[in-house]
file coords35.cif (mmCIF, C-alpha atoms and all ligand atoms)
data_query
#
loop_
_atom_site.label_atom_id
_atom_site.label_comp_id
_atom_site.auth_asym_id
_atom_site.auth_seq_id
_atom_site.Cartn_x
_atom_site.Cartn_y
_atom_site.Cartn_z
CA MET A 26 -18.13 11.63 17.61
CA LYS A 27 -18.37 9.27 14.63
CA GLU A 28 -21.79 10.72 13.76
CA ALA A 29 -20.45 14.25 14.15
CA VAL A 30 -17.89 13.80 11.36
CA ALA A 31 -19.98 11.55 9.10
CA GLY A 32 -21.44 14.48 7.14
CA GLU A 33 -18.05 16.12 6.74
CA LEU A 34 -16.51 12.88 5.45
CA ALA A 35 -19.37 12.25 3.03
CA ALA A 36 -19.12 15.80 1.67
CA ALA A 37 -15.36 15.45 1.21
CA TYR A 38 -15.05 11.97 -0.24
CA ASP A 39 -18.36 10.60 -1.56
CA SER A 40 -19.45 10.88 -5.19
CA SER A 41 -22.97 10.74 -6.61
CA VAL A 42 -21.42 9.91 -10.01
CA VAL A 43 -19.78 6.78 -8.59
CA ASP A 44 -23.02 5.85 -6.83
CA GLN A 45 -24.86 6.07 -10.16
CA VAL A 46 -22.28 3.95 -11.98
CA ARG A 47 -22.48 1.33 -9.24
CA ALA A 48 -26.26 1.35 -9.41
CA GLY A 49 -25.98 0.88 -13.18
CA GLY A 50 -24.10 -2.41 -12.76
CA TYR A 51 -20.62 -0.80 -12.72
CA HIS A 52 -21.21 0.27 -16.28
CA PHE A 53 -21.61 3.74 -17.80
CA ALA A 54 -22.12 4.88 -21.40
CA ALA A 55 -22.16 8.41 -22.82
CA GLY A 56 -21.34 9.67 -26.31
CA ARG A 57 -18.63 7.46 -27.75
CA LEU A 58 -17.55 6.25 -24.27
CA THR A 59 -18.33 2.93 -22.63
CA LEU A 60 -16.87 2.65 -19.14
CA HIS A 61 -16.56 -0.42 -16.96
CA LEU A 62 -15.70 0.04 -13.31
CA ALA A 63 -14.07 -2.78 -11.31
CA ARG A 64 -16.50 -4.18 -8.75
CA GLU A 65 -14.08 -3.55 -5.89
CA PHE A 66 -12.05 -0.36 -5.94
CA GLY A 67 -11.12 2.65 -3.85
CA PHE A 68 -11.14 3.17 -0.07
CA CYS A 69 -10.64 -0.06 1.87
CA TYR A 70 -11.92 -0.65 5.41
CA GLY A 71 -8.54 0.26 6.94
CA VAL A 72 -8.28 3.56 5.10
CA ASP A 73 -11.91 4.42 5.80
CA ARG A 74 -11.31 3.92 9.50
CA ALA A 75 -8.00 5.81 9.58
CA VAL A 76 -9.46 8.87 7.86
CA ASP A 77 -12.54 8.74 10.08
CA TYR A 78 -10.35 8.61 13.23
CA ALA A 79 -8.27 11.55 12.01
CA TYR A 80 -11.37 13.72 11.53
CA GLN A 81 -12.69 12.61 14.91
CA ALA A 82 -9.37 13.43 16.59
CA ARG A 83 -9.41 16.96 15.20
CA ARG A 84 -12.88 17.47 16.71
CA ARG A 85 -12.23 15.70 19.99
CA PHE A 86 -9.17 17.81 20.85
CA PRO A 87 -10.14 21.28 19.60
CA GLY A 88 -7.61 23.37 21.52
CA ARG A 89 -4.63 21.07 21.08
CA ASN A 90 -2.00 20.51 18.43
CA VAL A 91 -2.89 17.40 16.43
CA PHE A 92 -0.13 15.72 14.41
CA LEU A 93 0.25 12.86 12.00
CA THR A 94 3.58 11.01 11.98
CA GLY A 95 3.54 11.28 8.16
CA GLU A 96 1.05 10.60 5.39
CA ILE A 97 -2.03 8.92 6.86
CA ILE A 98 -2.48 7.02 3.60
CA HIS A 99 -0.80 7.38 0.22
CA ASN A 100 -3.19 9.83 -1.35
CA PRO A 101 -2.11 13.46 -1.76
CA HIS A 102 -5.67 14.84 -1.75
CA VAL A 103 -6.63 13.16 1.50
CA ASN A 104 -3.41 14.32 3.15
CA GLN A 105 -3.92 17.88 1.92
CA ARG A 106 -7.45 17.98 3.32
CA LEU A 107 -6.12 16.91 6.70
CA ARG A 108 -3.55 19.71 6.53
CA ASP A 109 -6.36 22.11 5.63
CA ASN A 110 -8.19 20.91 8.74
CA GLY A 111 -5.23 21.99 10.86
CA ILE A 112 -3.51 18.63 11.30
CA ARG A 113 0.28 18.96 11.18
CA PHE A 114 2.73 16.40 9.75
CA LEU A 115 5.73 15.41 11.86
CA SER A 116 7.50 14.35 8.65
CA ASP A 117 7.65 18.02 7.54
CA PRO A 118 11.17 19.44 7.77
CA ASP A 119 10.20 22.26 10.14
CA GLU A 120 8.49 20.00 12.70
CA ARG A 121 10.44 18.81 15.76
CA PRO A 122 8.97 15.54 17.06
CA GLU A 123 11.39 15.51 20.01
CA THR A 124 9.69 18.58 21.52
CA LEU A 125 6.23 17.00 21.69
CA GLY A 126 4.70 16.44 25.11
CA ALA A 127 1.56 15.61 27.06
CA ASP A 128 -0.52 18.37 25.45
CA ASP A 129 0.07 17.03 21.96
CA VAL A 130 -2.06 14.53 20.07
CA VAL A 131 -0.42 12.23 17.52
CA ILE A 132 -2.34 10.15 14.97
CA LEU A 133 -0.59 6.95 13.87
CA PRO A 134 -1.32 6.03 10.23
CA ALA A 135 -3.14 3.00 8.81
CA PHE A 136 0.15 1.26 8.00
CA GLY A 137 1.45 1.71 11.56
CA VAL A 138 4.74 3.03 12.91
CA THR A 139 7.88 1.30 14.11
CA VAL A 140 8.17 -0.06 17.64
CA GLU A 141 10.78 2.64 18.40
CA GLU A 142 8.61 5.50 17.13
CA MET A 143 5.66 4.26 19.15
CA ALA A 144 7.78 3.89 22.31
CA GLN A 145 9.29 7.36 21.84
CA LEU A 146 5.92 9.08 21.44
CA ALA A 147 4.51 7.19 24.42
CA ALA A 148 7.55 8.12 26.54
CA GLN A 149 6.98 11.79 25.67
CA GLY A 150 3.46 11.44 27.05
CA CYS A 151 1.65 12.28 23.80
CA THR A 152 -1.98 11.28 23.39
CA LEU A 153 -1.88 8.64 20.66
CA VAL A 154 -4.71 7.98 18.22
CA ASP A 155 -3.74 4.64 16.72
CA THR A 156 -5.34 3.95 13.33
CA THR A 157 -3.11 0.97 12.49
CA CYS A 158 -5.20 -1.36 10.33
CA GLY A 159 -6.22 -4.73 11.80
CA SER A 160 -4.76 -6.48 8.76
CA VAL A 161 -1.37 -4.91 9.47
CA LEU A 162 -1.67 -5.97 13.10
CA ASN A 163 -2.26 -9.51 11.86
CA VAL A 164 1.08 -9.45 10.01
CA TRP A 165 2.79 -8.11 13.13
CA LYS A 166 1.33 -10.98 15.16
CA ASN A 167 2.90 -13.53 12.80
CA VAL A 168 6.26 -11.76 12.65
CA THR A 169 6.29 -11.50 16.45
CA ARG A 170 5.67 -15.24 16.70
CA TYR A 171 8.51 -15.95 14.28
CA ALA A 172 10.83 -13.80 16.38
CA GLN A 173 9.77 -15.45 19.63
CA ASP A 174 10.47 -18.88 18.13
CA GLY A 175 13.80 -17.92 16.55
CA PHE A 176 12.58 -17.79 12.93
CA THR A 177 13.82 -15.02 10.65
CA ALA A 178 10.94 -13.11 9.05
CA ILE A 179 11.40 -12.95 5.27
CA ILE A 180 9.13 -10.05 4.37
CA HIS A 181 7.97 -9.57 0.78
CA GLY A 182 7.72 -5.79 0.66
CA LYS A 183 9.33 -2.47 -0.13
CA VAL A 184 12.06 -1.77 2.35
CA LYS A 185 11.34 1.96 2.56
CA HIS A 186 7.58 1.62 2.81
CA GLU A 187 6.24 2.71 6.21
CA GLU A 188 4.33 -0.53 6.70
CA THR A 189 7.30 -2.76 5.94
CA ARG A 190 9.57 -0.70 8.22
CA ALA A 191 6.99 -1.03 11.00
CA THR A 192 6.55 -4.76 10.40
CA ALA A 193 10.30 -5.40 10.34
CA SER A 194 10.69 -3.55 13.65
CA GLN A 195 8.34 -6.06 15.28
CA ALA A 196 10.96 -8.77 14.73
CA LEU A 197 13.46 -6.87 16.87
CA LYS A 198 11.32 -7.01 20.01
CA PHE A 199 12.92 -10.35 20.85
CA PRO A 200 16.61 -11.23 21.16
CA ARG A 201 16.40 -13.96 18.50
CA GLY A 202 14.31 -11.86 16.13
CA ARG A 203 15.69 -11.24 12.64
CA TYR A 204 14.25 -9.96 9.39
CA LEU A 205 15.11 -9.81 5.71
CA VAL A 206 13.06 -7.82 3.19
CA VAL A 207 12.80 -9.05 -0.42
CA LEU A 208 11.25 -6.86 -3.09
CA ASP A 209 10.40 -9.44 -5.72
CA LYS A 210 10.99 -12.94 -7.04
CA ALA A 211 14.45 -12.03 -8.32
CA GLU A 212 15.61 -11.09 -4.83
CA ALA A 213 13.83 -14.09 -3.34
CA GLY A 214 15.73 -16.24 -5.86
CA VAL A 215 19.06 -14.95 -4.52
CA VAL A 216 17.95 -15.81 -0.98
CA CYS A 217 16.79 -19.27 -2.08
CA ASP A 218 20.17 -19.94 -3.75
CA TYR A 219 21.90 -19.08 -0.49
CA ILE A 220 19.55 -21.31 1.49
CA ARG A 221 20.27 -24.22 -0.90
CA HIS A 222 23.98 -23.88 -1.45
CA GLY A 223 25.38 -21.21 0.85
CA GLY A 224 27.63 -18.77 -0.98
CA ASP A 225 29.57 -15.57 -0.66
CA ARG A 226 28.52 -14.35 2.78
CA GLU A 227 30.03 -10.87 2.40
CA ALA A 228 28.40 -10.34 -1.00
CA PHE A 229 25.06 -11.37 0.46
CA ILE A 230 25.44 -8.95 3.36
CA ALA A 231 26.49 -6.17 0.97
CA ARG A 232 23.41 -6.76 -1.18
CA PHE A 233 20.83 -7.10 1.60
CA GLY A 234 22.49 -5.08 4.38
CA ALA A 235 19.99 -2.23 4.23
CA ALA A 236 17.10 -4.66 3.93
CA SER A 237 17.96 -6.87 6.90
CA SER A 238 18.19 -6.67 10.68
CA PRO A 239 21.44 -5.35 12.19
CA GLY A 240 24.21 -7.97 12.20
CA PHE A 241 22.30 -10.27 9.84
CA ASP A 242 24.34 -13.39 9.11
CA PRO A 243 22.94 -15.49 6.25
CA ASP A 244 24.82 -18.58 7.42
CA VAL A 245 22.93 -18.49 10.72
CA ASP A 246 19.79 -16.47 10.03
CA LEU A 247 18.52 -18.37 6.98
CA VAL A 248 18.36 -21.72 8.77
CA ARG A 249 14.87 -21.15 10.16
CA VAL A 250 12.65 -18.74 8.26
CA GLY A 251 9.03 -17.61 8.17
CA CYS A 252 7.40 -15.70 5.31
CA ALA A 253 5.28 -12.59 5.66
CA ASN A 254 4.45 -9.70 3.39
CA GLN A 255 3.48 -6.09 3.16
CA THR A 256 -0.29 -6.29 2.95
CA THR A 257 -0.50 -4.47 -0.39
CA MET A 258 1.86 -6.54 -2.52
CA LEU A 259 0.83 -8.55 -5.55
CA MET A 260 -0.82 -11.57 -3.97
CA SER A 261 0.29 -14.03 -6.67
CA GLU A 262 3.91 -12.90 -6.24
CA SER A 263 3.80 -13.19 -2.44
CA LEU A 264 2.44 -16.71 -2.70
CA GLU A 265 5.09 -17.68 -5.25
CA ILE A 266 7.85 -16.29 -3.04
CA GLY A 267 6.51 -18.33 -0.11
CA GLU A 268 6.59 -21.46 -2.26
CA MET A 269 10.10 -20.68 -3.55
CA VAL A 270 11.48 -20.30 -0.03
CA GLY A 271 9.66 -23.42 1.20
CA ALA A 272 11.09 -25.44 -1.71
CA ALA A 273 14.61 -24.17 -1.03
CA ILE A 274 14.32 -25.16 2.62
CA ALA A 275 13.06 -28.62 1.66
CA ASP A 276 16.00 -29.02 -0.76
CA ARG A 277 18.49 -28.04 1.89
CA TYR A 278 17.14 -29.89 4.94
CA GLY A 279 14.83 -32.53 3.42
CA ALA A 280 11.05 -32.46 3.06
CA ASP A 281 10.53 -34.13 6.44
CA ALA A 282 12.48 -31.42 8.23
CA ARG A 283 10.68 -28.58 6.46
CA PRO A 284 8.29 -27.83 9.37
CA GLN A 285 11.25 -27.28 11.71
CA HIS A 286 12.79 -24.75 9.31
CA PHE A 287 9.91 -23.03 7.52
CA ARG A 288 6.65 -21.28 8.30
CA ALA A 289 4.31 -19.24 6.15
CA PHE A 290 1.09 -17.28 6.55
CA ASP A 291 -0.79 -15.48 3.83
CA THR A 292 -0.77 -11.91 5.12
CA ILE A 293 -2.09 -10.10 2.04
CA CYS A 294 -5.12 -8.18 3.33
CA SER A 295 -8.54 -9.10 2.03
CA ALA A 296 -9.13 -5.59 0.63
CA THR A 297 -5.98 -5.81 -1.50
CA GLN A 298 -6.93 -9.28 -2.66
CA GLU A 299 -10.48 -8.23 -3.55
CA ARG A 300 -9.24 -5.27 -5.62
CA GLN A 301 -6.71 -7.45 -7.46
CA ASP A 302 -9.36 -10.15 -8.07
CA ALA A 303 -11.90 -7.57 -9.28
CA VAL A 304 -9.56 -6.00 -11.81
CA THR A 305 -8.57 -9.43 -13.10
CA ALA A 306 -12.26 -10.28 -13.54
CA LEU A 307 -12.83 -6.99 -15.36
CA LEU A 308 -9.99 -7.74 -17.76
CA ASP A 309 -11.33 -11.28 -18.31
CA GLU A 310 -14.93 -10.23 -18.89
CA GLN A 311 -14.75 -7.05 -20.96
CA ALA A 312 -13.11 -6.18 -24.26
CA LEU A 313 -11.38 -2.99 -23.17
CA ASP A 314 -9.32 -0.56 -25.22
CA LEU A 315 -7.40 0.67 -22.20
CA MET A 316 -7.32 0.72 -18.39
CA LEU A 317 -7.09 3.70 -16.10
CA VAL A 318 -5.75 2.94 -12.61
CA VAL A 319 -6.17 5.78 -10.13
CA GLY A 320 -4.13 6.35 -6.99
CA GLY A 321 -1.11 7.98 -5.42
CA TYR A 322 2.17 7.26 -7.22
CA ASN A 323 3.63 6.08 -3.89
CA SER A 324 0.65 3.81 -3.20
CA SER A 325 1.89 0.23 -3.29
CA ASN A 326 -1.48 -1.39 -3.85
CA THR A 327 -2.28 1.01 -6.71
CA CYS A 328 1.07 0.30 -8.38
CA ASN A 329 0.31 -3.41 -8.17
CA LEU A 330 -3.15 -2.98 -9.71
CA ALA A 331 -1.42 -1.16 -12.57
CA ARG A 332 1.07 -4.03 -12.97
CA ILE A 333 -1.77 -6.56 -13.26
CA CYS A 334 -3.46 -4.45 -15.96
CA ALA A 335 -0.30 -3.56 -17.88
CA ASP A 336 0.45 -7.26 -18.39
CA ARG A 337 -2.75 -7.50 -20.42
CA ILE A 338 -3.66 -4.15 -21.91
CA SER A 339 -2.61 -0.53 -22.47
CA THR A 340 -2.65 0.94 -18.92
CA PHE A 341 -2.28 4.42 -17.47
CA HIS A 342 -1.65 4.91 -13.74
CA ILE A 343 -2.89 8.40 -12.93
CA ALA A 344 -2.90 10.23 -9.62
CA ASP A 345 -6.01 12.37 -10.10
CA PRO A 346 -8.29 14.04 -12.69
CA GLU A 347 -5.67 16.73 -13.37
CA CYS A 348 -3.65 14.02 -15.15
CA LEU A 349 -6.31 13.89 -17.87
CA ILE A 350 -5.20 16.94 -19.82
CA SER A 351 -7.28 16.34 -22.96
CA ALA A 352 -8.56 13.56 -25.20
CA ASP A 353 -5.08 13.65 -26.72
CA GLU A 354 -2.78 14.14 -23.71
CA ILE A 355 -2.42 12.27 -20.41
CA HIS A 356 0.12 12.51 -17.57
CA HIS A 357 0.81 9.21 -15.82
CA ARG A 358 3.32 7.18 -13.86
CA PRO A 359 5.14 4.58 -15.97
CA VAL A 360 4.05 1.16 -14.74
CA GLY A 361 6.92 -0.60 -12.97
CA ALA A 362 8.76 2.64 -12.11
CA PRO A 363 9.75 3.06 -8.45
CA SER A 364 6.82 4.07 -6.24
CA THR A 365 7.50 7.73 -5.64
CA THR A 366 5.51 10.91 -5.75
CA ARG A 367 4.95 12.99 -8.88
CA GLY A 368 8.58 13.34 -9.99
CA ARG A 369 8.52 10.44 -12.42
CA GLU A 370 5.35 11.33 -14.28
CA GLN A 371 5.46 11.02 -18.07
CA THR A 372 3.26 12.43 -20.83
CA THR A 373 1.63 10.34 -23.54
CA ARG A 374 -0.20 11.71 -26.56
CA GLY A 375 -2.94 9.94 -28.49
CA TRP A 376 -3.90 7.88 -25.41
CA LEU A 377 -7.66 7.88 -26.10
CA PRO A 378 -8.44 6.15 -29.41
CA PRO A 379 -10.80 7.89 -31.87
CA GLY A 380 -14.33 6.56 -32.41
CA ARG A 381 -16.08 4.33 -29.92
CA VAL A 382 -13.89 3.59 -26.95
CA THR A 383 -14.24 1.16 -24.04
CA VAL A 384 -12.34 2.12 -20.89
CA GLY A 385 -11.79 0.07 -17.74
CA LEU A 386 -11.39 1.93 -14.47
CA THR A 387 -10.17 0.97 -11.01
CA ALA A 388 -8.68 2.79 -8.04
CA GLY A 389 -6.29 1.88 -5.25
CA ALA A 390 -7.33 1.43 -1.63
CA SER A 391 -6.34 4.98 -0.71
CA THR A 392 -8.33 6.73 -3.45
CA PRO A 393 -11.61 8.37 -2.40
CA ASN A 394 -14.73 8.14 -4.55
CA ASN A 395 -14.84 11.86 -5.27
CA ILE A 396 -11.59 11.52 -7.24
CA VAL A 397 -12.98 8.54 -9.17
CA GLY A 398 -16.17 10.48 -9.88
CA GLN A 399 -14.26 13.48 -11.23
CA ILE A 400 -12.34 11.17 -13.57
CA ILE A 401 -15.55 9.67 -14.92
CA LYS A 402 -16.91 13.17 -15.58
CA LYS A 403 -13.73 14.15 -17.45
CA LEU A 404 -13.87 11.03 -19.59
CA GLU A 405 -17.47 11.80 -20.40
CA GLU A 406 -16.48 15.33 -21.42
CA PHE A 407 -13.63 14.05 -23.66
CA CYS A 408 -15.94 11.57 -25.40
CA ARG A 409 -18.90 13.82 -26.21
S1 LIG A 501 -4.83 -1.90 2.22
FE1 LIG A 501 -5.40 -3.57 3.61
S2 LIG A 501 -3.91 -3.44 5.28
FE2 LIG A 501 -3.80 -1.49 4.19
S3 LIG A 501 -5.24 -0.19 5.29
FE3 LIG A 501 -6.40 -1.13 3.62
S4 LIG A 501 -7.35 -2.95 4.55
FE4 LIG A 501 -5.69 -2.28 5.90
#

call {"tool": "encode", "arguments": {"input": "coords35.cif", "output": "structure tokens"}}
result
Amino acid sequence: MKEAVAGELAAAYDSSVVDQVRAGGYHFAAGRLTLHLAREFGFCYGVDRAVDYAYQARRRFPGRNVFLTGEIIHNPHVNQRLRDNGIRFLSDPDERPETLGADDVVILPAFGVTVEEMAQLAAQGCTLVDTTCGSVLNVWKNVTRYAQDGFTAIIHGKVKHEETRATASQALKFPRGRYLVVLDKAEAGVVCDYIRHGGDREAFIARFGAASSPGFDPDVDLVRVGCANQTTMLMSESLEIGEMVGAAIADRYGADARPQHFRAFDTICSATQERQDAVTALLDEQALDLMLVVGGYNSSNTCNLARICADRISTFHIADPECLISADEIHHRPVGAPSTTRGREQTTRGWLPPGRVTVGLTAGASTPNNIVGQIIKKLEEFCR
């Protein structure tokens, strides 16, 4: 079946333009444009596999309803193509997941689903096509171990992100399992203060109530903690948060007792790390006028690539080629804005400098090459 869909996938998502730029040493020049492409960008192994499985599922079950629980990955073009292929989305308001049964096929996305959702679909007898990425499963394994051993999982992630919701649910498989989600170093700092000194329990619960397991009690549940993260976070920040929490534990219980109170595993996936490393190398090696970062506005790993770039250089996070209106006008998501879909787009004029211009380009793990290729062609057109 894999061979049967290979041609369809290549036609939908490959790009001869990207192949040429790669063959040219990730460098492209035309007119007044010089373009440097990051050496790792675009579809990761987990996304590749998830999309492949979805196409295979549509072929394997021709007469049956095939559903996705929600977006398979955070790229609007890929999701739309799946809709065009007849795959329905259970997250749509007119779908009724509770009516599904043995005749129905449900594809689980690359970032997984919660333990409850999985159990519910299995209980209804649906045929499940599980595309959960192995790197996400690795995080679940660690969180499960924490829960078994009575350690609270402190998850660096976005509390509403599908992957983080699924990961947090793993902690609740065991009676002693607890979780607490922290978005960034500022939130981790609040948690570390509480670990060190205790504090206003009710205020803590009010602040983190929606980001913690039911009945979370910081006086009890921050005594033994293990760190984990959403696989697509900024690696440097996840590592710093792990160190912050470990230091707070050592301050509270003494360095010798740290192993009894603290565990940590680096659960950033290798694809995320490679894309972050590659864009950092690009910024180090090339004198760029600006960076374009391509990917869905709700794609966590794309937003983090944009953060890395924006710290160093003028950066535009764009969803697709349609964002490039002209050499004067660009539509983009403000870097650092909440990760949502198109609602928060802004327009900037005069984004492409006159004269010779050197542009850096990268794309998040859910962006197919055909989108990257179309962007290169548009840049070429603007710089004739
Ligand atoms: S970003 Fe990482 S964890 Fe997510 S699907 Fe890709 S490889 Fe898997």

call {"tool": "residues_around", "arguments": {"input": "coords35.cif", "residues": "Pro378 in chain A", "least_positions_apart": "4", "cutoff": "9 Å", "atoms": "only C-alpha atoms", "output": "VMD selection string"}}
result
chain A and resid 314 352 to 353 382

call {"tool": "closest_residue", "arguments": {"input": "coords35.cif", "among": "A:Ala388, A:Ile338, A:Val206, A:Ala280", "to": "ligand LIG 501 (chain A)", "atoms": "all atoms listed in the file"}}
result
A:Ala388

call {"tool": "residues_near_ligand", "arguments": {"input": "coords35.cif", "ligand": "ligand LIG 501 (chain A)", "cutoff": "10 Å", "atoms": "only C-alpha atoms and all ligand atoms", "output": "ChimeraX atom specification"}}
result
/A:67-75,97-98,134-137,156-164,188,255-258,292-300,324-327,389-391

call {"tool": "closest_residue", "arguments": {"input": "coords35.cif", "among": "A:Cys408, A:Val250, A:Val30, A:Ile355", "to": "Gly380 in chain A", "atoms": "all atoms listed in the file"}}
result
A:Cys408

call {"tool": "residues_around", "arguments": {"input": "coords35.cif", "residues": "Asn100 in chain A", "least_positions_apart": "5", "cutoff": "7 Å", "atoms": "all atoms listed in the file", "output": "list in words"}}
result
Gly320, Gly321, Ser391 and Thr392 of chain A

call {"tool": "closest_residue", "arguments": {"input": "coords35.cif", "among": "A:Val140, A:Ala147, A:Ala231, A:Leu259", "to": "Ala196 in chain A", "atoms": "all atoms listed in the file"}}
result
A:Val140

call {"tool": "residues_near_point", "arguments": {"input": "coords35.cif", "point": "(-3.8, 23.9, 22.6)", "cutoff": "8 Å", "atoms": "all atoms listed in the file", "output": "list of chain:residue names"}}
result
A:Pro87, A:Gly88, A:Arg89, A:Asn90, A:Asp128, A:Asp129

call {"tool": "residues_around", "arguments": {"input": "coords35.cif", "residues": "range 59-63 of chain A", "least_positions_apart": "6", "cutoff": "9 Å", "atoms": "only C-alpha atoms", "output": "list of chain:residue names"}}
result
A:Val46, A:Arg47, A:Gly50, A:Tyr51, A:His52, A:Phe53, A:Arg300, A:Ala303, A:Val304, A:Thr305, A:Ala306, A:Leu307, A:Gln311, A:Leu313, A:Arg381, A:Val382, A:Thr383, A:Val384, A:Gly385, A:Leu386, A:Thr387, A:Ala388, A:Ile401, A:Leu404

call {"tool": "residues_around", "arguments": {"input": "coords35.cif", "residues": "Thr124 in chain A", "least_positions_apart": "4", "cutoff": "12 Å", "atoms": "all atoms listed in the file", "output": "count of residues only"}}
result
11

call {"tool": "atom_distance", "arguments": {"input": "coords35.cif", "atom1": "CA of Gln81 in chain A", "atom2": "CA of Arg121 in chain A"}}
result
24.0 Å
